Every structure is written in structure tokens, then in C-alpha cells.
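Colleague: So here's structure-v4.cif (mmCIF, C-alpha atoms).
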data_target
#
loop_
_atom_site.label_atom_id
_atom_site.label_comp_id
_atom_site.auth_asym_id
_atom_site.auth_seq_id
_atom_site.Cartn_x
_atom_site.Cartn_y
_atom_site.Cartn_z
CA MET A 1 28.08 -207.75 -37.05
CA LEU A 2 30.19 -210.90 -37.19
CA GLU A 3 32.97 -209.19 -39.16
CA LEU A 4 33.35 -206.58 -36.42
CA TYR A 5 33.91 -209.32 -33.83
CA ILE A 6 36.51 -210.97 -36.07
CA VAL A 7 38.37 -207.69 -36.61
CA LEU A 8 38.31 -206.91 -32.88
CA ILE A 9 39.62 -210.35 -31.93
CA LEU A 10 42.40 -210.01 -34.51
CA MET A 11 43.25 -206.61 -33.04
CA ILE A 12 43.45 -208.12 -29.54
CA ILE A 13 45.76 -210.90 -30.78
CA GLY A 14 47.94 -208.30 -32.51
CA ALA A 15 48.08 -206.22 -29.33
CA ILE A 16 49.15 -209.24 -27.25
CA ILE A 17 51.90 -210.00 -29.78
CA ALA A 18 52.99 -206.36 -29.76
CA VAL A 19 53.25 -206.35 -25.99
CA GLU A 20 54.88 -209.75 -25.46
CA THR A 21 57.39 -210.09 -28.33
CA LYS A 22 61.00 -209.65 -27.34
CA SER A 23 62.22 -208.08 -30.58
CA ILE A 24 61.27 -204.40 -30.59
CA LEU A 25 61.08 -204.12 -34.38
CA SER A 26 58.53 -206.94 -34.66
CA SER A 27 56.46 -205.48 -31.84
CA ILE A 28 56.30 -202.19 -33.77
CA VAL A 29 55.12 -204.09 -36.86
CA ALA A 30 52.45 -205.80 -34.73
CA LEU A 31 51.33 -202.36 -33.54
CA GLY A 32 50.89 -201.44 -37.20
CA LYS A 33 48.63 -204.46 -37.59
CA VAL A 34 46.47 -203.23 -34.70
CA GLY A 35 46.16 -199.84 -36.37
CA LEU A 36 45.18 -201.32 -39.73
CA GLY A 37 42.56 -203.45 -37.96
CA LEU A 38 41.23 -200.23 -36.44
CA THR A 39 40.97 -198.76 -39.97
CA ILE A 40 38.84 -201.70 -41.11
CA ALA A 41 36.71 -201.42 -37.97
CA PHE A 42 36.09 -197.74 -38.77
CA LEU A 43 35.02 -198.68 -42.28
CA ILE A 44 32.60 -201.30 -40.94
CA LEU A 45 31.21 -198.77 -38.45
CA LYS A 46 30.45 -196.30 -41.31
CA ALA A 47 33.10 -193.69 -40.57
CA PRO A 48 35.05 -193.14 -43.83
CA ASP A 49 36.63 -189.86 -42.66
CA LEU A 50 38.21 -191.58 -39.71
CA ALA A 51 39.36 -194.51 -41.85
CA ILE A 52 41.33 -192.21 -44.17
CA VAL A 53 42.93 -190.30 -41.30
CA GLN A 54 43.70 -193.44 -39.27
CA LEU A 55 45.35 -195.18 -42.25
CA VAL A 56 47.70 -192.28 -42.96
CA VAL A 57 48.44 -191.58 -39.29
CA GLU A 58 49.24 -195.26 -38.74
CA ILE A 59 51.88 -195.20 -41.51
CA LEU A 60 53.43 -192.06 -40.04
CA THR A 61 53.48 -193.54 -36.51
CA LEU A 62 55.23 -196.62 -37.86
CA ILE A 63 57.88 -194.53 -39.62
CA ILE A 64 58.51 -192.45 -36.49
CA LEU A 65 58.76 -195.47 -34.17
CA ILE A 66 61.10 -197.32 -36.54
CA ARG A 67 63.22 -194.16 -36.74
CA ALA A 68 63.48 -194.28 -32.95
CA THR A 69 64.74 -197.86 -32.81
CA LEU A 70 66.91 -198.25 -35.91
CA GLY A 71 70.59 -197.75 -35.34
CA ARG A 72 70.30 -198.28 -31.61
CA ASP A 73 72.24 -201.01 -29.85
CA VAL A 74 69.29 -202.47 -27.96
CA LYS A 75 67.33 -204.72 -30.31
CA TYR A 76 65.91 -207.11 -27.74
CA THR A 77 64.23 -206.31 -24.48
CA LYS A 78 65.21 -208.12 -21.34
CA GLU A 79 62.72 -210.22 -19.44
CA ASN A 80 61.18 -208.50 -16.47
CA GLN A 81 62.41 -210.27 -13.33
CA ASN A 82 60.08 -208.49 -10.95
CA TRP A 83 57.15 -210.89 -10.54
CA GLY A 84 55.50 -208.84 -7.82
CA VAL A 85 54.83 -205.94 -10.15
CA LYS A 86 53.41 -208.28 -12.79
CA PHE A 87 51.14 -210.04 -10.27
CA LEU A 88 49.83 -206.78 -8.84
CA SER A 89 49.13 -205.33 -12.29
CA ILE A 90 47.24 -208.44 -13.36
CA ILE A 91 45.11 -208.26 -10.19
CA LEU A 92 44.45 -204.57 -10.83
CA ILE A 93 43.44 -205.26 -14.43
CA ILE A 94 41.12 -208.12 -13.43
CA ILE A 95 39.39 -205.87 -10.87
CA PHE A 96 39.10 -203.15 -13.52
CA LEU A 97 37.58 -205.58 -16.02
CA ILE A 98 35.03 -206.89 -13.49
CA PHE A 99 33.90 -203.39 -12.58
CA SER A 100 33.75 -202.32 -16.22
CA TYR A 101 31.68 -205.39 -17.09
CA ASN A 102 29.15 -204.42 -14.44
CA VAL A 103 29.09 -200.80 -15.63
CA LEU A 104 28.70 -201.74 -19.30
CA GLN A 105 25.41 -203.49 -18.49
CA SER A 106 23.80 -200.10 -17.96
CA LEU A 107 24.88 -198.70 -21.33
CA PRO A 108 22.29 -198.80 -24.13
CA GLU A 109 22.43 -201.84 -26.36
CA PHE A 110 24.95 -201.79 -29.20
CA GLY A 111 23.46 -200.18 -32.31
CA ASN A 112 20.75 -198.15 -30.58
CA PRO A 113 22.29 -194.88 -29.38
CA ILE A 114 20.18 -192.69 -27.13
CA LEU A 115 22.19 -189.51 -27.68
CA LYS A 116 19.77 -186.80 -28.73
CA VAL A 117 22.34 -184.06 -29.46
CA ALA A 118 23.13 -185.31 -32.93
CA ASP A 119 19.54 -185.11 -34.16
CA TYR A 120 19.81 -181.34 -34.42
CA TYR A 121 23.03 -181.60 -36.43
CA ILE A 122 21.54 -184.20 -38.77
CA GLU A 123 18.38 -182.22 -39.41
CA ASN A 124 19.79 -178.71 -39.71
CA GLY A 125 23.44 -179.29 -40.69
CA MET A 126 22.83 -179.02 -44.40
CA LYS A 127 20.65 -175.90 -44.15
CA GLU A 128 22.82 -173.93 -41.72
CA THR A 129 26.33 -174.69 -43.02
CA GLY A 130 25.87 -175.85 -46.59
CA ALA A 131 28.32 -178.73 -46.17
CA ALA A 132 27.24 -182.17 -47.29
CA ASN A 133 29.79 -183.90 -45.03
CA LEU A 134 28.19 -183.70 -41.61
CA VAL A 135 31.43 -184.51 -39.77
CA THR A 136 33.14 -181.51 -41.36
CA SER A 137 30.18 -179.31 -40.57
CA VAL A 138 30.38 -180.38 -36.92
CA ILE A 139 34.14 -179.90 -36.50
CA LEU A 140 34.44 -176.62 -38.39
CA ASP A 141 31.14 -174.90 -37.75
CA PHE A 142 29.03 -176.15 -34.86
CA ARG A 143 31.94 -177.14 -32.63
CA ALA A 144 34.85 -175.13 -34.00
CA PHE A 145 36.05 -174.40 -30.48
CA ASP A 146 37.07 -178.05 -30.23
CA THR A 147 39.18 -177.68 -33.33
CA LEU A 148 40.75 -174.50 -31.98
CA GLY A 149 41.73 -176.37 -28.82
CA GLU A 150 43.05 -179.23 -30.90
CA ALA A 151 45.19 -176.82 -32.93
CA THR A 152 46.59 -175.45 -29.67
CA VAL A 153 47.44 -178.93 -28.38
CA LEU A 154 49.11 -179.85 -31.69
CA PHE A 155 51.12 -176.62 -31.67
CA THR A 156 52.24 -177.26 -28.08
CA ALA A 157 53.24 -180.86 -28.83
CA ILE A 158 55.31 -179.82 -31.87
CA LEU A 159 56.89 -177.01 -29.89
CA GLY A 160 57.75 -179.45 -27.09
CA ALA A 161 59.32 -181.95 -29.49
CA LEU A 162 61.38 -179.23 -31.17
CA ALA A 163 62.51 -177.96 -27.76
CA VAL A 164 63.50 -181.45 -26.60
CA LEU A 165 65.44 -182.14 -29.81
CA ARG A 166 67.15 -178.77 -30.13
CA LYS A 167 70.90 -178.63 -30.59
CA ASN A 168 72.22 -175.23 -29.60
CA GLY A 169 71.72 -174.76 -25.88
CA ILE A 170 72.51 -178.27 -24.70
CA LYS A 171 75.78 -178.62 -26.60
CA ASP A 172 77.09 -175.28 -25.33
CA LYS A 173 76.42 -176.33 -21.76
CA ASP A 174 78.21 -179.66 -22.26
CA THR A 175 81.31 -178.07 -23.74
CA LYS A 176 81.41 -175.54 -20.93
CA GLU A 177 81.23 -178.30 -18.33
CA ASN A 178 83.94 -180.25 -20.11
CA LYS A 179 86.16 -177.17 -20.18
CA GLY A 180 85.60 -176.63 -16.49
CA VAL A 181 86.58 -180.23 -15.72
CA GLN A 182 89.69 -179.95 -17.86
CA GLY A 183 90.61 -176.64 -16.23
CA ASP A 184 90.43 -178.21 -12.80
CA MET B 1 63.61 -182.77 -61.71
CA ILE B 2 65.20 -184.86 -59.02
CA ASN B 3 68.45 -186.51 -60.00
CA ASN B 4 68.51 -190.20 -59.12
CA ARG B 5 72.27 -190.64 -59.48
CA ASP B 6 72.89 -189.23 -56.02
CA SER B 7 74.80 -191.39 -53.63
CA GLN B 8 72.38 -190.61 -50.79
CA GLY B 9 69.10 -192.40 -50.31
CA MET B 10 67.85 -195.78 -51.40
CA SER B 11 68.42 -197.80 -54.58
CA VAL B 12 67.63 -196.73 -58.18
CA ILE B 13 64.40 -198.78 -58.27
CA VAL B 14 62.95 -197.01 -55.23
CA LYS B 15 63.97 -193.61 -56.59
CA THR B 16 62.34 -194.21 -59.99
CA ILE B 17 59.08 -195.45 -58.49
CA THR B 18 59.06 -192.52 -56.07
CA ARG B 19 59.45 -190.03 -58.92
CA LEU B 20 56.48 -191.61 -60.67
CA THR B 21 54.15 -191.77 -57.66
CA ILE B 22 54.97 -188.62 -55.75
CA GLY B 23 52.88 -186.36 -57.97
CA LEU B 24 49.88 -188.65 -57.67
CA ILE B 25 50.13 -188.68 -53.87
CA LEU B 26 50.35 -184.89 -53.79
CA LEU B 27 47.37 -184.55 -56.14
CA TYR B 28 45.30 -186.97 -54.05
CA GLY B 29 46.10 -184.94 -50.95
CA VAL B 30 44.96 -181.73 -52.64
CA TYR B 31 41.74 -183.44 -53.80
CA ILE B 32 41.01 -184.75 -50.30
CA LEU B 33 41.68 -181.29 -48.91
CA LEU B 34 39.55 -179.24 -51.31
CA HIS B 35 36.57 -181.61 -51.35
CA GLY B 36 36.48 -181.94 -47.58
CA HIS B 37 32.96 -180.53 -47.26
CA ILE B 38 31.26 -182.72 -49.86
CA THR B 39 33.12 -186.05 -49.68
CA PRO B 40 35.04 -187.79 -46.87
CA GLY B 41 38.26 -186.05 -45.98
CA GLY B 42 39.13 -182.55 -44.96
CA GLY B 43 42.00 -180.56 -43.58
CA PHE B 44 43.33 -183.23 -41.22
CA ALA B 45 43.49 -186.04 -43.78
CA GLY B 46 44.81 -183.78 -46.56
CA GLY B 47 47.46 -182.30 -44.30
CA VAL B 48 48.76 -185.68 -43.17
CA ILE B 49 48.79 -187.04 -46.76
CA ILE B 50 50.76 -184.06 -48.10
CA ALA B 51 53.20 -184.21 -45.18
CA LEU B 52 53.60 -187.92 -45.95
CA SER B 53 54.45 -187.15 -49.58
CA PHE B 54 57.34 -184.91 -48.53
CA ILE B 55 58.45 -187.54 -46.00
CA HIS B 56 58.35 -190.05 -48.89
CA ILE B 57 60.80 -187.86 -50.84
CA MET B 58 63.00 -187.65 -47.76
CA LEU B 59 63.04 -191.41 -47.21
CA ALA B 60 63.83 -192.22 -50.84
CA PHE B 61 66.26 -189.45 -51.81
CA GLY B 62 67.88 -188.48 -48.53
CA LYS B 63 67.33 -185.39 -46.44
CA ASN B 64 69.10 -182.82 -48.61
CA VAL B 65 66.75 -183.20 -51.60
CA ALA B 66 63.64 -182.94 -49.44
CA LEU B 67 64.95 -179.90 -47.57
CA GLU B 68 65.60 -178.20 -50.93
CA LYS B 69 61.90 -178.61 -51.77
CA LEU B 70 60.66 -177.34 -48.42
CA ASN B 71 63.11 -176.22 -45.78
CA GLN B 72 62.57 -175.71 -42.08
CA THR B 73 62.16 -171.94 -42.19
CA TRP B 74 59.35 -172.17 -44.74
CA SER B 75 57.58 -174.94 -42.89
CA LYS B 76 57.71 -172.89 -39.68
CA ILE B 77 56.23 -169.95 -41.61
CA PHE B 78 53.50 -172.18 -43.08
CA GLU B 79 52.55 -173.55 -39.68
CA SER B 80 52.29 -170.10 -38.12
CA THR B 81 50.29 -168.92 -41.14
CA GLY B 82 47.84 -171.75 -40.65
CA ALA B 83 47.30 -170.92 -36.99
CA LEU B 84 46.91 -167.20 -37.72
CA LEU B 85 44.52 -167.84 -40.62
CA PHE B 86 42.33 -170.06 -38.44
CA ILE B 87 42.09 -167.55 -35.60
CA THR B 88 41.50 -164.74 -38.12
CA ILE B 89 38.54 -166.65 -39.59
CA ALA B 90 37.27 -167.13 -36.06
CA PHE B 91 37.49 -163.42 -35.28
CA LEU B 92 35.95 -162.44 -38.64
CA GLY B 93 32.91 -164.33 -37.43
CA PHE B 94 32.10 -161.24 -35.33
CA PHE B 95 30.77 -159.70 -38.57
CA GLY B 96 27.90 -162.12 -38.23
CA GLY B 97 27.55 -161.55 -34.52
CA VAL B 98 29.39 -164.43 -32.75
CA PHE B 99 32.79 -166.06 -32.63
CA PHE B 100 33.25 -168.69 -35.37
CA ASN B 101 30.13 -167.57 -37.19
CA ASN B 102 29.81 -168.80 -40.76
CA PHE B 103 29.40 -165.32 -42.21
CA LEU B 104 30.05 -165.97 -45.91
CA ASP B 105 27.41 -166.92 -48.44
CA LYS B 106 26.52 -170.61 -48.22
CA GLY B 107 26.25 -170.96 -51.99
CA GLU B 108 24.62 -173.85 -53.75
CA HIS B 109 24.65 -177.26 -52.07
CA PHE B 110 27.02 -179.97 -53.35
CA GLU B 111 29.20 -177.45 -55.27
CA LEU B 112 32.94 -177.04 -54.71
CA PHE B 113 32.74 -173.36 -53.74
CA SER B 114 30.01 -173.58 -51.15
CA ALA B 115 29.64 -173.84 -47.40
CA GLY B 116 31.06 -170.43 -46.54
CA THR B 117 34.07 -170.44 -44.23
CA ILE B 118 34.41 -174.21 -44.03
CA LEU B 119 36.66 -174.38 -47.11
CA LEU B 120 38.89 -171.60 -45.76
CA SER B 121 39.08 -173.28 -42.35
CA ASN B 122 40.01 -176.55 -44.03
CA ILE B 123 42.91 -174.83 -45.82
CA ALA B 124 44.08 -173.28 -42.53
CA ILE B 125 43.94 -176.63 -40.72
CA PHE B 126 45.78 -178.24 -43.65
CA LEU B 127 48.64 -175.72 -43.45
CA LYS B 128 48.91 -176.21 -39.71
CA VAL B 129 48.80 -180.03 -39.61
CA GLY B 130 50.90 -180.64 -42.74
CA ALA B 131 53.70 -178.21 -41.96
CA GLY B 132 53.71 -179.18 -38.30
CA LEU B 133 54.07 -182.91 -38.90
CA PHE B 134 56.76 -182.37 -41.55
CA LEU B 135 58.63 -180.16 -39.10
CA LEU B 136 58.40 -182.86 -36.41
CA PHE B 137 59.78 -185.50 -38.75
CA VAL B 138 62.61 -183.23 -39.91
CA ALA B 139 63.55 -182.58 -36.29
CA LEU B 140 63.60 -186.33 -35.58
CA VAL B 141 65.74 -187.03 -38.67
CA LEU B 142 68.25 -184.24 -38.20
CA PHE B 143 68.92 -185.26 -34.60
CA LYS B 144 72.24 -187.08 -34.65
CA ILE B 145 72.43 -190.59 -33.28
CA GLY B 146 75.10 -190.37 -30.62
CA GLY B 147 75.32 -190.96 -26.92
CA ARG B 148 77.56 -192.86 -24.59
CA LYS B 149 78.39 -196.43 -25.42
CA MET C 1 29.71 -207.77 -25.37
CA ILE C 2 31.48 -205.86 -28.10
CA TYR C 3 32.14 -203.06 -25.63
CA PHE C 4 33.86 -205.60 -23.39
CA LEU C 5 36.25 -206.68 -26.18
CA CYS C 6 37.16 -203.02 -26.55
CA PHE C 7 37.92 -202.86 -22.81
CA ILE C 8 40.12 -205.95 -23.08
CA LEU C 9 42.15 -204.12 -25.74
CA PHE C 10 42.41 -201.17 -23.35
CA SER C 11 43.64 -203.38 -20.51
CA ILE C 12 46.33 -204.97 -22.70
CA GLY C 13 47.73 -201.49 -23.29
CA LEU C 14 47.45 -200.75 -19.56
CA TYR C 15 49.37 -203.95 -18.73
CA SER C 16 52.12 -202.93 -21.14
CA ILE C 17 52.42 -199.50 -19.53
CA LEU C 18 52.51 -200.91 -16.00
CA THR C 19 54.94 -203.80 -16.32
CA LYS C 20 57.32 -203.27 -19.23
CA ARG C 21 60.70 -201.72 -18.64
CA ASN C 22 61.56 -200.69 -22.19
CA LEU C 23 60.58 -197.12 -23.14
CA ILE C 24 59.50 -198.12 -26.65
CA LYS C 25 57.20 -200.79 -25.18
CA ILE C 26 55.62 -198.14 -22.95
CA ILE C 27 55.02 -195.92 -26.00
CA ILE C 28 53.41 -198.89 -27.77
CA GLY C 29 51.14 -199.42 -24.75
CA ILE C 30 50.06 -195.79 -24.81
CA SER C 31 49.25 -196.12 -28.53
CA ILE C 32 47.11 -199.21 -27.89
CA VAL C 33 45.18 -197.40 -25.13
CA ASP C 34 44.63 -194.54 -27.58
CA TYR C 35 43.23 -196.88 -30.24
CA ALA C 36 40.91 -198.58 -27.76
CA ILE C 37 39.42 -195.30 -26.55
CA ASN C 38 38.88 -194.03 -30.11
CA LEU C 39 37.17 -197.29 -31.04
CA PHE C 40 34.92 -197.12 -27.96
CA PHE C 41 33.67 -193.65 -28.89
CA ILE C 42 32.75 -194.78 -32.39
CA LEU C 43 31.06 -197.94 -31.06
CA VAL C 44 28.85 -195.87 -28.76
CA GLY C 45 27.65 -193.72 -31.67
CA TYR C 46 26.90 -196.54 -34.10
CA ARG C 47 23.34 -197.08 -35.28
CA MET C 48 22.38 -200.54 -36.50
CA ASN C 49 22.07 -200.68 -40.32
CA GLY C 50 22.82 -196.98 -40.50
CA ARG C 51 24.57 -195.07 -43.24
CA SER C 52 27.62 -192.83 -43.10
CA PRO C 53 27.02 -189.15 -42.25
CA ILE C 54 27.70 -187.83 -45.75
CA LEU C 55 24.64 -186.62 -47.60
CA GLU C 56 24.05 -187.12 -51.30
CA LYS C 57 21.88 -185.37 -53.84
CA GLY C 58 18.23 -186.30 -53.71
CA GLU C 59 18.39 -188.74 -50.79
CA GLU C 60 16.18 -188.79 -47.76
CA ILE C 61 17.84 -188.17 -44.41
CA GLU C 62 17.18 -191.35 -42.51
CA ARG C 63 19.05 -193.59 -40.06
CA ILE C 64 22.34 -191.71 -40.12
CA VAL C 65 25.18 -192.76 -37.82
CA ASP C 66 25.85 -190.25 -35.05
CA PRO C 67 28.33 -187.68 -36.47
CA LEU C 68 29.32 -186.18 -33.11
CA PRO C 69 31.67 -188.94 -31.81
CA GLN C 70 33.28 -189.13 -35.24
CA ALA C 71 34.04 -185.41 -35.14
CA VAL C 72 35.53 -185.69 -31.65
CA VAL C 73 37.64 -188.74 -32.53
CA LEU C 74 38.94 -187.15 -35.77
CA THR C 75 40.80 -184.52 -33.77
CA SER C 76 41.85 -187.10 -31.18
CA ILE C 77 43.64 -189.27 -33.77
CA VAL C 78 45.87 -186.41 -34.95
CA ILE C 79 46.61 -185.41 -31.35
CA GLY C 80 47.60 -189.03 -30.67
CA LEU C 81 50.14 -188.88 -33.50
CA ALA C 82 51.64 -185.65 -32.14
CA VAL C 83 51.82 -187.07 -28.61
CA THR C 84 53.53 -190.24 -29.89
CA ALA C 85 56.09 -188.12 -31.73
CA LEU C 86 56.72 -186.08 -28.57
CA LEU C 87 57.24 -189.25 -26.51
CA VAL C 88 59.62 -190.63 -29.15
CA ALA C 89 61.57 -187.37 -29.06
CA ILE C 90 61.92 -187.64 -25.28
CA ALA C 91 62.94 -191.31 -25.57
CA ILE C 92 65.64 -190.50 -28.15
CA ARG C 93 66.97 -187.73 -25.91
CA ILE C 94 67.10 -190.14 -22.94
CA TYR C 95 68.93 -192.70 -25.12
CA GLU C 96 71.48 -190.10 -26.10
CA LYS C 97 72.12 -189.18 -22.47
CA TYR C 98 72.19 -192.63 -20.84
CA GLY C 99 72.78 -195.03 -23.75
CA THR C 100 69.82 -197.30 -22.96
CA PHE C 101 66.03 -197.55 -23.23
CA ASP C 102 65.67 -199.54 -19.99
CA ILE C 103 64.14 -197.49 -17.20
CA ASN C 104 65.67 -199.59 -14.39
CA GLU C 105 69.18 -199.09 -15.73
CA ILE C 106 68.52 -195.37 -16.01
CA LYS C 107 67.47 -195.31 -12.35
CA GLU C 108 70.60 -197.18 -11.29
CA LEU C 109 72.85 -194.91 -13.34
CA LYS C 110 71.35 -191.88 -11.71
CA GLY C 111 71.56 -193.17 -8.13
#
As C-alpha cells, how would this structure be written, given the file I've shared?
Modeller:
Amino acid sequence: MLELYIVLILMIIGAIIAVETKSILSSIVALGKVGLGLTIAFLILKAPDLAIVQLVVEILTLIILIRATLGRDVKYTKENQNWGVKFLSIILIIIFLIFSYNVLQSLPEFGNPILKVADYYIENGMKETGAANLVTSVILDFRAFDTLGEATVLFTAILGALAVLRKNGIKDKDTKENKGVQGD
Amino acid sequence: MINNRDSQGMSVIVKTITRLTIGLILLYGVYILLHGHITPGGGFAGGVIIALSFIHIMLAFGKNVALEKLNQTWSKIFESTGALLFITIAFLGFFGGVFFNNFLDKGEHFELFSAGTILLSNIAIFLKVGAGLFLLFVALVLFKIGGRK
Amino acid sequence: MIYFLCFILFSIGLYSILTKRNLIKIIIGISIVDYAINLFFILVGYRMNGRSPILEKGEEIERIVDPLPQAVVLTSIVIGLAVTALLVAIAIRIYEKYGTFDINEIKELKG
């Protein structure tokens, strides 16, 4: 499992660069590196479905984020002057890491899961659904309610984005306000 | 076919390469979608890949060409169709007794037309995810860059 | 130990959300937190020397990686993309109204 450690450490370095770089465009590119590292980690962990989806979603995220920053005036972020906030957050994160280290001791060892739910899916998935891909048989047959909820969340998010970016209502209100100011 | 002499979009090299590769990307998306129950992939991956192929057209040729291929009204209709198809499959499961029951014939294992409703559900999820993400990107592109300066 | 590296990735995203003032940096932090949680789910379900949960003709079913976390994370990735797009839409709208991505300047402009 040495390659998994290497990929994870590269991901952490990429995340630090993405957070600390001043130029926004290069921090978005560093975020893309973290996502590609996650794709390789999924491949090492034997999850090819997730690797395909993560690769494509990463490209789309990059395009959307670059669309948000291109053409804007602000290319560089300013340094945060407030040291108190930084100090407090670092203390909070250190406390969180100490507690999580103690909690992680009680998890089962890496590579030996003790979840017993999946045994039923592995044994009977082929017979009951006829799908050779067990992940598909779980998301669309055994646990299709999850997918229904996911479709609802996706629909709501798209509806929210379309409502935030709509043109008609907001412009009318602005022109009315401007007219009122001019009339006064 | 798409004319690459338009003033909009990127350079001639990008347009030519895009015309060559766009069909392959679309075909790969359809393959990933239809074989979701026997190989890795499925509705989510196929939907995002096909949405990405239309976004590719939009990035290379400008927004007018892409909106001629698939405009906003049709993508809204496709998204709603996907949601309705998925919930219809769920309700048709009452023929077998319970919600989301796999009531169709399972067919032979490892064949393309097998696994009952899973293929239909994959197509519904594909319509929903693909049309929805394309719609999101169109909304982000059409929004004018303005604001106070 | 490998779980702890995953938590370090999570805390880097948390630090970015807590201290940065630029809206795009906050969105990047949320994305990193998303990646870390997805990775943690898959790490919990991994079986040492296992094989991927896709069956083939004439093979024995033995030592298969847990398919349940993979199915949960598959939906979570697509939701993460939609949430990122929603946040970007809100950020663009804020930029159009105030002309900046900096949250402190927005606060001052409002007060």
C-alpha cells in the first residue's frame, strides 16, 4: 500500500498549495491536481466506477471555477491581516486532529472491514437483479431510494442556480428603482 | 456540419480537432451509459460525459453553435422527462408488490438486455444528470459579466 | 495511519473555510472537504488484496471490496458538483452586485 501513501501525501501537498497560493487561477489548477490524485486513489482502492465519475466531474468543476474567475478584476487575493482568527482556527484544528486520532484507534484496521451488510449484496446481487456490476445493482435496485433522494437534491441545486442567475425579475426591479430615483 | 470559419470561438486548430473528437466522446458516453450494468459506468458517468461533450462544442465554437444543437427549452424538457421516467419506473414496481421492485424479466446474465429495470433507470438518470448539468453550464455562460467598478 | 492522512486533508479544507476572505478560496475549501470525506468512505470499505465489485463470467465470488460505500459515494460526487456550481452562481451574483469577492469589503459596503 505504499503507492496509496504517496498519492495521499501528494494530495495533501496539492491542497496546501491550493489554499496558500495568492493567485486564484493557480490555486484552482492545484485543486484540479487534488482531484486527479483522488482519481488515482480510487483506482488503487479498486473502485473503477468512482474513478470514471470523479475524472469527468473534476474537469467540469475546473471549467466552472475558471469561468467564475476569468474576466474579473481581482486576480490576487489579499493577505489576511487578522492574526487572531488564524490562531484560533489553528488551535481548533489541532484539537480536532488530536480527538480524531484517539477515535481512529477504535476503528478496525485498514483493509479488514467488519461491515456485514455487504455480504448479502455480494452473495445475492447477481441472482436477484441480474446485473454483473454490483455497484449499479446497489444504487438502482437494493437502495434505489438513495438515488431518488439524490435526484431530488440535484434537481433542487439546479433550480437554485437557475433562480440565482435569472435575468428577468431582478433587472425590472433595478430599472424601477432607478426611475423612482430620477423622478424624485 | 459545423462551419469553422465563424468569428466566434477559438482558433482553427482547436475547431478542427474538436470536430474530429466530438463524435468519439459522444459514442464513449453512450457506451458507458448502456453497459452500466455489466462494466464500470452507468447513468451518472454517461450523463456527465455527454454533458461534457456539448460543453466541449460550446467552448470551442462559441455559445450560438452549441445552443443550435441543444437549446435551453429542450434541455429543460429532457431533465423533466428523466425525473418523471425515474419516478414512473419506481411506481411501476407496485406490479411486483413494492416500490422500486425489479418487475421485468432478469434475462440472461452478462447480456446487454438483461437486469430488468436497471437499464431503464440508467437511461432516466442519464437524461436527468446530463441535461441538468448542461443547463447549469448554459446558465453560467449566458450570465453577463457586469457589475459596479 | 492512512485514516489520519485523510483527516489532515479534511482539516486543510476546514482551515481554508475558516480563515480565507476570498469567496473562491472558500469554495475551494469546501471542495477539498468533499474529496476528503469521499476518500474516507472508500478507505473504510477497502479489503486488503480484494478485487473490484464487478463480476465476470465463470469466476468465483471471493474477497470482493465492499460495494456499499462505493454506491453511496457515487451519488455524493455528483451532488458535490451541483453544490459547487450553485456556490459559484451565488459568488458570481455577489460579484455583480458589489464588484468584489472579498467578504470583508462586502460587509463594509453594506454597513
Colleague: Name the residues that the PyMOL selection byres ((chain A) within 10 of (chain B)) picks from the file above, as a PyMOL selection string, using the file's chain letters and numbers.
Modeller: chain A and resi 47-57+59-60+63-64+67-68+70-73+126-137+139-145+147-148+151-152+154-155+157-167
Colleague: Kindly determine which residues of chain C lie within 6 Å of chain A, considering all atoms listed in the file, and give the answer as a list in words.
Modeller: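 So the residues of chain C near chain A are Leu9, Thr19, Gly45, Tyr46, Arg47, Met48, Ser52, Pro53, Ile54, Leu55, Pro67, Ala71, Leu74, Leu86 and Ala89 of chain C.
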Colleague: With the file shown as input, list the residues that the PyMOL selection byres ((chain C) within 6 of (chain B)) selects, as a list in words.
Modeller: Glu96, Lys97 and Gly99 of chain C
Colleague: Quick one: pull the distance between atom CA of Ile66 of chain A and atom CA of Ser53 of chain B, Å, one decimal.
Modeller: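 Rounded to one decimal, the two atoms are 17.8 Å apart.
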Colleague: Rounded to one decimal in Å, what is the spacing between atom CA of Gly62 of chain B and atom CA of Gln8 of chain B?
Modeller: 5.5 Å
Colleague: One number please: atom CA of Arg21 of chain C to atom CA of Ile79 of chain C, in Å, one decimal.
Modeller: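 Straight-line distance from atom CA of Arg21 of chain C to atom CA of Ile79 of chain C works out to 25.0 Å.
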Colleague: Measuring atom to atom with only C-alpha atoms, identify which of C:Val73, C:Leu23, C:Val33, C:Cys6 is nearest to Ile90 of chain C.
Modeller: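 Smallest distance to Ile90 of chain C is found for C:Leu23.
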Colleague: Give the answer as one residue: which of A:Ile44, A:Ile98, A:Val103, A:Ile91 has the shortest atom-to-atom distance to Val65 of chain C, using only C-alpha atoms?
Modeller: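 Comparing A:Ile44, A:Ile98, A:Val103, A:Ile91 against Val65 of chain C, the winner is A:Ile44.
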